Each structure stands twice: as structure tokens, then as C-alpha cells.
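Reading through the C-alpha cells given below for one structure.
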Amino acid sequence: MDFRQKRKLVEAIAFFIIRSSAVIICLALAIMLGFLFVKGYRAINWTFLTQPPMDAMTRGGIFPAIVGTFYLTLGAILVAFPLGVASAIYLNEYAIEGRMVRTIRLGINNLAGVPSVVFGLFGLGLFVVFLGFGSSILSGSLTLGFLILPVIIGASEEALKAVPQTYREASLALGGTKWQTIYRVVLPAALPGILTGSILGIGRAAGETAPIMFTAAAFYTSKLPSSIFDEVMALPYHIYVLATAGTHIEETRHLQYGTALVLIALVLGVNLVAIIMRTRMRRKQTY
Amino acid sequence: MNRAQKRRIGEYLIEKWFLFLATISIIVLALIVAFLFKEGIPIFKSVSVGDFLFGQLWYPTDEPADFGILPLIVGSLIVTAVSSMIAVPLGVLSAIYISEIARPSVKEILKPVVELLAALPSVVIGFFGMVVMAPFLQKVFDIPTGLNIVNASIMLAMMAVPTISSLTEDALHAVRRELREASLALGATQWETISRVVVPASLSGACTAVILGMSRAIGETMVVLMVAGGAAAIPESIFDSVRPMPASIAAEMGEAPFRSDHYYALFATGIVLFFMTLGFNLIADYISHKYKQVGTATL
Amino acid sequence: MSNKMKMATKNMTFHYGAFKALDDITLEFRENQVTALIGPSGCGKSTFLRSLNRMNDIIPAARVEGQVLLDGEDVYGPNVDVVEIRKRVGMVFQKPNPFPKTIFNDVAYGLRIKGIKNRGELQARVEASLKAAAIWDEVKDRLNESALSLSGGQQQRLCIARALAIEPEVVLMDEPASALDPIATQKIEELIRELKKSYTIIIVTHNMQQAARISNITAFFYMGRLIEVDKTETIFTKPSLKQTEDYITGRFG
């Protein structure tokens, strides 16, 4: 075998290994989704989606958990969206690179890296205990809101960066003030991108368990919340409870698979919407 | 006061308001530290810092209780290490595939796959580990329980791979095309170009990606809570059960009496966990700034 | 040069950080005249133009010394409102840069941020500006379509209309035709000749024939310095400096 053949062979082997890694990742996703779908889809029917759990959670549905996850996610986005977009506006439109900006960015990066269970402890210490909100939608939403804040900031910054500088120049040259320029030109142009990114934040908030364990999630409640100070059931926590803490773990397996499937459909659905929106936007973008 | 002055004051106030909102991330980070310490420090009235960090016994509900979190720390480190062995090659190689080798049509499928993997809720991955992977491992290796280090590491790797892969891909993407062309024009094969030019040029980005992926693994809660088995002892084999720090906090906080020693000890464990991940993140931040890729200057 | 002086710079020097981009520029601009700024790439002519309406303020490390006068008042004076200056000194950029809005809203933008809300007034002024920019006939039936649907030349005339809508006194043009085809360029040049009846126009151009065709005064910049300024026909027929002649005859740059 001459030198040239050897180089070819090395390349072929290397590419085979690299390709395999991509295949493994695809397989992992497919296997996971496949198992959950095959085992879970029979559990899902109208009763399952619209009824509360019954008979010590061995029968019935997951309606309160769906409602709870909806409220918690809505609350989280109400907290994170304004703060996240505002932070991104400051960083991208006003700030001049320097120590202040560097510190803020470091703060955001590290906030993004805080483990979710530590967020749970933080929410417990600050909202539940110190501020006296108790274990409630309010405490859970605030905790989740701060958890997804870095996601929203990142997405918004990227969207603002994609707005051509010429738009800003044109507005300033017409006698627009900085704020007029941001509010009337930059934000409208960046809005689709900001919304897409925020959808990813919604998906993240809906799927998190550890942050709401001590701050919002109820083991079981059949009634729907009547105020933001009520505890709620939530889909991720419900899966955990059914799978680990029930007295009939084996008998409720199909309910566990069903709940997992609903949660996955929700989260992946949200993500797919964001991915599709983004692809469309990239094609449409004329700048 | 005339209109121009009013406007200027308005603009000034708007800018300062946005500055304030932008600092909220830092404020939240500070509050996290403050409340971890507020609720965690009291444990050190009962246990010394040394005994807490290096004590080998974690029996928080015994009389008298033992609050040594060394088994929890070891548990965290070992699942992180083993999961890295799986996640780093998978993440980096898949990034190379997506960035350098895959055709555009394949790329358009693979990137969403990685993103969807990243989007899977941790509780679902944990659930999968419990009900599918654990019985599988138990049967294949003929071991008493499938809820162990190996299982937790595989599941954690699934969570770290997307982080590592997408960040590494960004780093590879940043390598200028001229550099690749220069190498190919010299008669190098595509693999030689990738392994000797492209990867070295994006090494700092890839390192950052790996560290952030490990940071994600060490802080991940639901997977280790559901899959690692929960034994608070220093393991002797990779088929032993462990109880990493996040699992311990999540499992016990619900049962620990409010402001008991146990409660304080769990917050103190949170402090350790927080600073470990903070350390990882600061290292990643340092590497990415120190070796910031200016064009192609870092080979 | 009998017209009234509208703008002027006196010993103006401009720095980007440590780099001196413009050195001691003294130049006057008179009403109802077109002044062309010519010179090779990087000579500072665009920087100079952008200093006249303080567009360089958005560059953090930029610093201006000397004076830029508008009707005798220093544009960089301590009590001057930069927003007012930019309303009085309009600007048209090298590449057409319409907003991703409708044609109507694009032109109405400057009026709206001045606080004009009355629909009738907005309509009247948008129409007047589009007519002044010689694009009314082409867009009058599609005012609610996106400005981005127009051709490059139309977009540039739209940008001129947008600048004219807020009734500036001076119009700065930064190579306004360099991104356009010859026919669109010709339209812009006709428009500039028309506009000088009402405005003071200062235009940066790469194209020397263009400077010769449309301007009254031509200023030649080189390496951040003003080399020579004179009536356009003088500059192009008998420049007093050899450096100018070399550039104009294409011997360098």
C-alpha cells in the first residue's frame, strides 16, 4: 500500500467514525421518542386530557397538571420577556464596550449556568419564605422567569444584531432621537427574531422540574388554581411523582408514559414552531 | 425648559432605565448567592466546614445526624466524568460532521435534531433512564440494579451532547474559509485539513464548549435524581449507585423540616454546587476571552 | 460666489482614536449650489461629510476639533441639540436604505417623529416630497406596498424624498449613485440639478464626470487634507496644483 492509499484509508476511517457519532445522536433521539410514543399514545384520550387524576392517581387524567404548567409558563414569560428584551436593548443599542458591559455579560453567562436545583433553592429562600408568597404560581413563575432570562436576552441580542446598521443611521439622519430610532425602527425589525427566541424560552420553562419542586408544584390537587398564590400541579413534576413516589408505580406506568408524551409533544411542538419560524425568516430576510 | 432640553432629559432617563434593567441579571445572581448563604450558613454551627465537605457519612435524618457530603461530591464528580467520556467525543465529532462534512440537506436535518435533543425536558430523559435503560442494563450486565453510575452518565451525556455540539460547531464555523482552502490547495486531504488546520484553529471554542457541557452535567438534577440510584456512599464500581449533590437536594428538601439542620445542610450543599458550576463557567469565560479568535490568529 | 454662505468648517480636525482622519479643513458651502467632494478612497471625504450632521457621533472613539458652522452657529457647540441639527441637515446614504415599512410610512417617518399626527398634513407632505424627488408618478398607486419592493434607483429616490420631507436646509449625499445602474444614476443627477434651486447640496462622489456634470464647486481631498477647492470648471480645466491635475487626469487614485 503506497502513501497515497494510506492517506485515503486514514481519511475513510476518520470519516466513518465522525459519521457514526452523528448517527448515534439521531438514533438516541429516535429511540427515546419512539419508546415514549409507542408506550404512551394509548394512554392519551379525551378523558386523560380533560379530567383530574382519580383513585389516588391510579386512574383519570392530567388536566390540573396541564393547566398548572400553562400558568407557570405564562408567568415565567411575563417576567422574563420584558426584562430580557430590555437587557438586550441596553447591551446592543446603548452600551459602549467597557467594564460595565463586561460585568453584565459575565453575570448573564453565569446566571445561565446556575443549576436548576439551585434556582429552586433560591426561589424557596427568596419568594416562598422571605417574601412570603408560599409555594404558589407566583413563586414558581418568578423562579422560572429568572431561569429563562438568559435565553431571552441571548435571543433578543441576536435579533437586534441582525438589524442592519443602515436602518439606525437612516433614522438618526432624519433627526430621530436614539429612543425613537430604537422604538420605531429597530424593535419592529427585530421583533420576529425576538419572538422566535422567546418561544424557545417557553419550551424550557414548561419542561423544568427542579425549580418548581419547592416553589410551586403540588403533589396532588384536583381543584384548579383560583389565584396566583395557589399551588398547582405541573406536568414535569407529575411525571416524577408518578414514576418515583406513588404506591402503585408499576400499575400507573401507562399514565407516566402518557404524561411524558404530552409534555414532550408540548415542548417539542413549541421548539418546532420556533425552528420553522426561524427558517422562514431567514429565507425572507432581505437584509 | 425648552423642548430640546426636555427631550434630552427624557433620553437620558430612558438610557438609565435600560441600564438598570440590564443589571437585573447580576442582581439575581447576587440574590442567589445571598439566599444560599442565608439559609445554608447556619449548618456550620453544628458541623465544621471541614467535616461537612470531607465527612464520609451522609445520614441527615439519624439521631445524631451526620452531615458529610463527600459521597455526594464524589457522586457528582464521577457521573460528570463518565458522562464526559461519552459526551465529549460524540459532541465534538458530530459538530465536525455538521460543520465540515455533511451535505447541506443532511445538515438541515441534523441541526434541528441536536436542538430537539437539547429541548427534551430533563424529567423525560430521567424517566426514560428509569423505565427503559435501567432494566436493559440490569439484564445485559446481570447486575442487581440498573439505576447506577453508568445509566446516569449515559442519560447525562444525552443532555450535555447538544451543548457541546452546538457550541463546538459555532467555533468551527468561525474558522475562515481561506484557511481551509489554503490547506486543500497544498494537496492536503479533507481529513488532514480538518484535523491539522480547522480543529486546532477552533480549539479554544471547543474547550469552552466541553467545559460548559460538563457544567451542565454537574448541575443537572432530574436525571441523577431518577437514575443514579440514590446511595449516599462512595462508589467502588461504575455499576454502583450514587447520590450526586443535586439529587440529594431535590429528594430531601421536601422532607427536611423547615430550618432544621437538615434543611440548612441542603442549602449548604447548594452553595458547594453553585460554586462548582460557577468555577466551570468562569474557566469557560476566561478561555473564550483569552484565546478569542481574532480571525485566524490562534493556531 | 455671490450666494449666501450656509455652512462652513473652520480648521476642522477629526480623529478616530489616535488616527487623524481629517487635518485642518476649512471650507465653505453656499446656498443653492452643489459642492462636490472628490478624492481617492480613504481620503476622508465621507468622514468629512458625516461630520457635518454629526453622524460620526455614533462612533465611540471619534473626536472633532475646530468648528463646523451652520448659519454661523457651531454645530458642535455645547448647547446645540444634535437632533435639531440633523433635521436641518439631511443626509442620503451610499446604499439606498429604506426602512422595511410601506412607501408611505417610510417617507412619513421623519414627519411622525417630529410629532406630526394629522393624517391630511402627512399625506400632503409625503406627496410633495415624493414629487420633489421625482418618484411620485412611479409610486402613487402603491403607497401601501413595502419600500423594499422598489428597484435600487427608486429606493434611492425614495430615500431622497424621505430626507426632503422634513424640510432640511442642507442635503448631504454620500455617493448616492454609486450602487445604481447608469439610467438610475442619470435620474438621480437630474434630480440633484433640480434640487439645488431650493437646497444647499454637498455631495461625495467617486465619479469625476459626475462631479463635473452636476456641481458648481469641487473640493479635492487627499490623505485627510483639503488639497484644492475652486469652481468646478476651473478644477477640471486648469487646476492650480499638480496633485489635483494628476488625480483628475487619472494618473493616480
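Going through the C-alpha cells in order, the chains are called A, B, and so on, while each chain numbers its residues from 1 and the ligands are numbered from 1 in the order shown.
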
Query raised in the report: Counting only C-alpha atoms, which residues of chain C come no farther than 9 Å from chain B, as a VMD selection string?
Result: chain C and resid 81 83 to 84

Just N, CA, C and O atoms for this one: save the residues we selected as a PDB file, in the first residue's frame.
```pdb
ATOM      1  N   ASP C  81     -28.479  71.064  20.060  1.00  0.00           N
ATOM      2  CA  ASP C  81     -29.178  69.790  20.088  1.00  0.00           C
ATOM      3  C   ASP C  81     -28.920  69.049  18.782  1.00  0.00           C
ATOM      4  O   ASP C  81     -29.319  69.500  17.709  1.00  0.00           O
ATOM      5  N   VAL C  83     -30.154  66.495  17.488  1.00  0.00           N
ATOM      6  CA  VAL C  83     -31.360  66.094  16.764  1.00  0.00           C
ATOM      7  C   VAL C  83     -31.841  67.233  15.870  1.00  0.00           C
ATOM      8  O   VAL C  83     -32.234  67.029  14.720  1.00  0.00           O
ATOM      9  N   GLU C  84     -31.783  68.475  16.391  1.00  0.00           N
ATOM     10  CA  GLU C  84     -32.185  69.636  15.591  1.00  0.00           C
ATOM     11  C   GLU C  84     -31.262  69.801  14.378  1.00  0.00           C
ATOM     12  O   GLU C  84     -31.705  70.097  13.278  1.00  0.00           O
TER      13      GLU C  84
END
```

Would you give me, as CSV, each residue of chain C having an atom within 9 Å of an atom of chain A, along with its shortest atom pair and that distance in Å to one decimal, using only C-alpha atoms and sorting by chain and residue number?
```
residue,atom,partner,partner_atom,distance
C:Asn53,CA,A:Ala173,CA,7.6
C:Arg54,CA,A:Ala173,CA,8.8
C:Met55,CA,A:Ala173,CA,7.0
C:Ile58,CA,A:Glu169,CA,9.0
C:Pro60,CA,A:Ile96,CA,7.4
C:Val82,CA,A:Gly175,CA,8.0
C:Val83,CA,A:Gly175,CA,4.8
C:Glu84,CA,A:Gly175,CA,6.5
C:Ile85,CA,A:Gly175,CA,7.5
C:Arg86,CA,A:Gly175,CA,4.8
C:Lys87,CA,A:Gly175,CA,4.7
C:Arg88,CA,A:Gly175,CA,8.3
C:Val89,CA,A:Ala173,CA,8.2
C:Gly90,CA,A:Ala173,CA,6.3
C:Met91,CA,A:Ala173,CA,5.9
C:Val92,CA,A:Ala170,CA,8.1
C:Phe93,CA,A:Ala170,CA,7.9
C:Lys95,CA,A:Thr166,CA,8.6
C:Pro96,CA,A:Thr166,CA,8.9
C:Asn97,CA,A:Thr166,CA,6.1
C:Pro98,CA,A:Tyr167,CA,7.4
C:Phe99,CA,A:Tyr167,CA,6.2
C:Pro100,CA,A:Ala189,CA,7.4
C:Tyr109,CA,A:Ser171,CA,8.2
C:Gly110,CA,A:Leu174,CA,5.7
C:Ile113,CA,A:Gly176,CA,6.4
C:Lys114,CA,A:Gly175,CA,8.1
C:Leu148,CA,A:Thr286,CA,8.2
C:Cys159,CA,A:Ala170,CA,8.7
C:Arg162,CA,A:Leu174,CA,8.1
C:Ala163,CA,A:Leu174,CA,6.4
C:Ile166,CA,A:Leu174,CA,7.5
```

Requested in this report: Pull out every residue of chain B that has at least one atom within 6 Å of chain A, counting only C-alpha atoms, and report them as a list of chain:residue names.
Outcome: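 Therefore, the residues near the partner are B:Phe18, B:Leu19, B:Leu21, B:Ala22, B:Ser25, B:Ile26, B:Ile32, B:Phe35, B:Leu90, B:Leu93, B:Ser94, B:Pro121, B:Trp191, B:Gly219, B:Gly270.
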
Prev. selection, C-alpha atoms, output as an mmCIF file, in the first residue's frame:
```cif
data_model
loop_
_atom_site.group_PDB
_atom_site.id
_atom_site.type_symbol
_atom_site.label_atom_id
_atom_site.label_comp_id
_atom_site.auth_asym_id
_atom_site.auth_seq_id
_atom_site.Cartn_x
_atom_site.Cartn_y
_atom_site.Cartn_z
ATOM 1 C CA PHE B 18 -32.488 50.258 30.429
ATOM 2 C CA LEU B 19 -29.130 50.113 32.183
ATOM 3 C CA LEU B 21 -32.989 46.565 33.782
ATOM 4 C CA ALA B 22 -29.820 45.108 32.252
ATOM 5 C CA SER B 25 -29.212 39.540 35.865
ATOM 6 C CA ILE B 26 -26.347 40.498 38.145
ATOM 7 C CA ILE B 32 -28.940 33.651 44.623
ATOM 8 C CA PHE B 35 -30.041 33.416 49.920
ATOM 9 C CA LEU B 90 -19.996 12.493 20.482
ATOM 10 C CA LEU B 93 -17.327 14.701 16.351
ATOM 11 C CA SER B 94 -20.935 15.448 15.489
ATOM 12 C CA PRO B 121 -37.140 18.051 29.370
ATOM 13 C CA TRP B 191 -9.409 14.938 6.835
ATOM 14 C CA GLY B 219 -25.725 20.772 37.756
ATOM 15 C CA GLY B 270 -26.406 24.119 47.132
#
```

Query - Test item: residues at most 8 Å from stretch 164-179 of chain B, only C-alpha atoms, excluding those fewer than 2 positions along its chain, as a PyMOL selection string - result: chain B and resi 87-88+90-96+98-99+114+160-162+181-183+197-199+201-203+205-206+208-210+212-213+295-296

Query - atom CA of B:Leu273 to atom CA of B:Thr221, straight-line distance in Å - result: 11.1 Å

Report task. As a ChimeraX atom specification, please: all residues of stretch 153-213 of chain B that backbone DSSP puts in alpha helix (DSSP H). Result -> /B:153-173,177-185,190-193,199-201,203-213
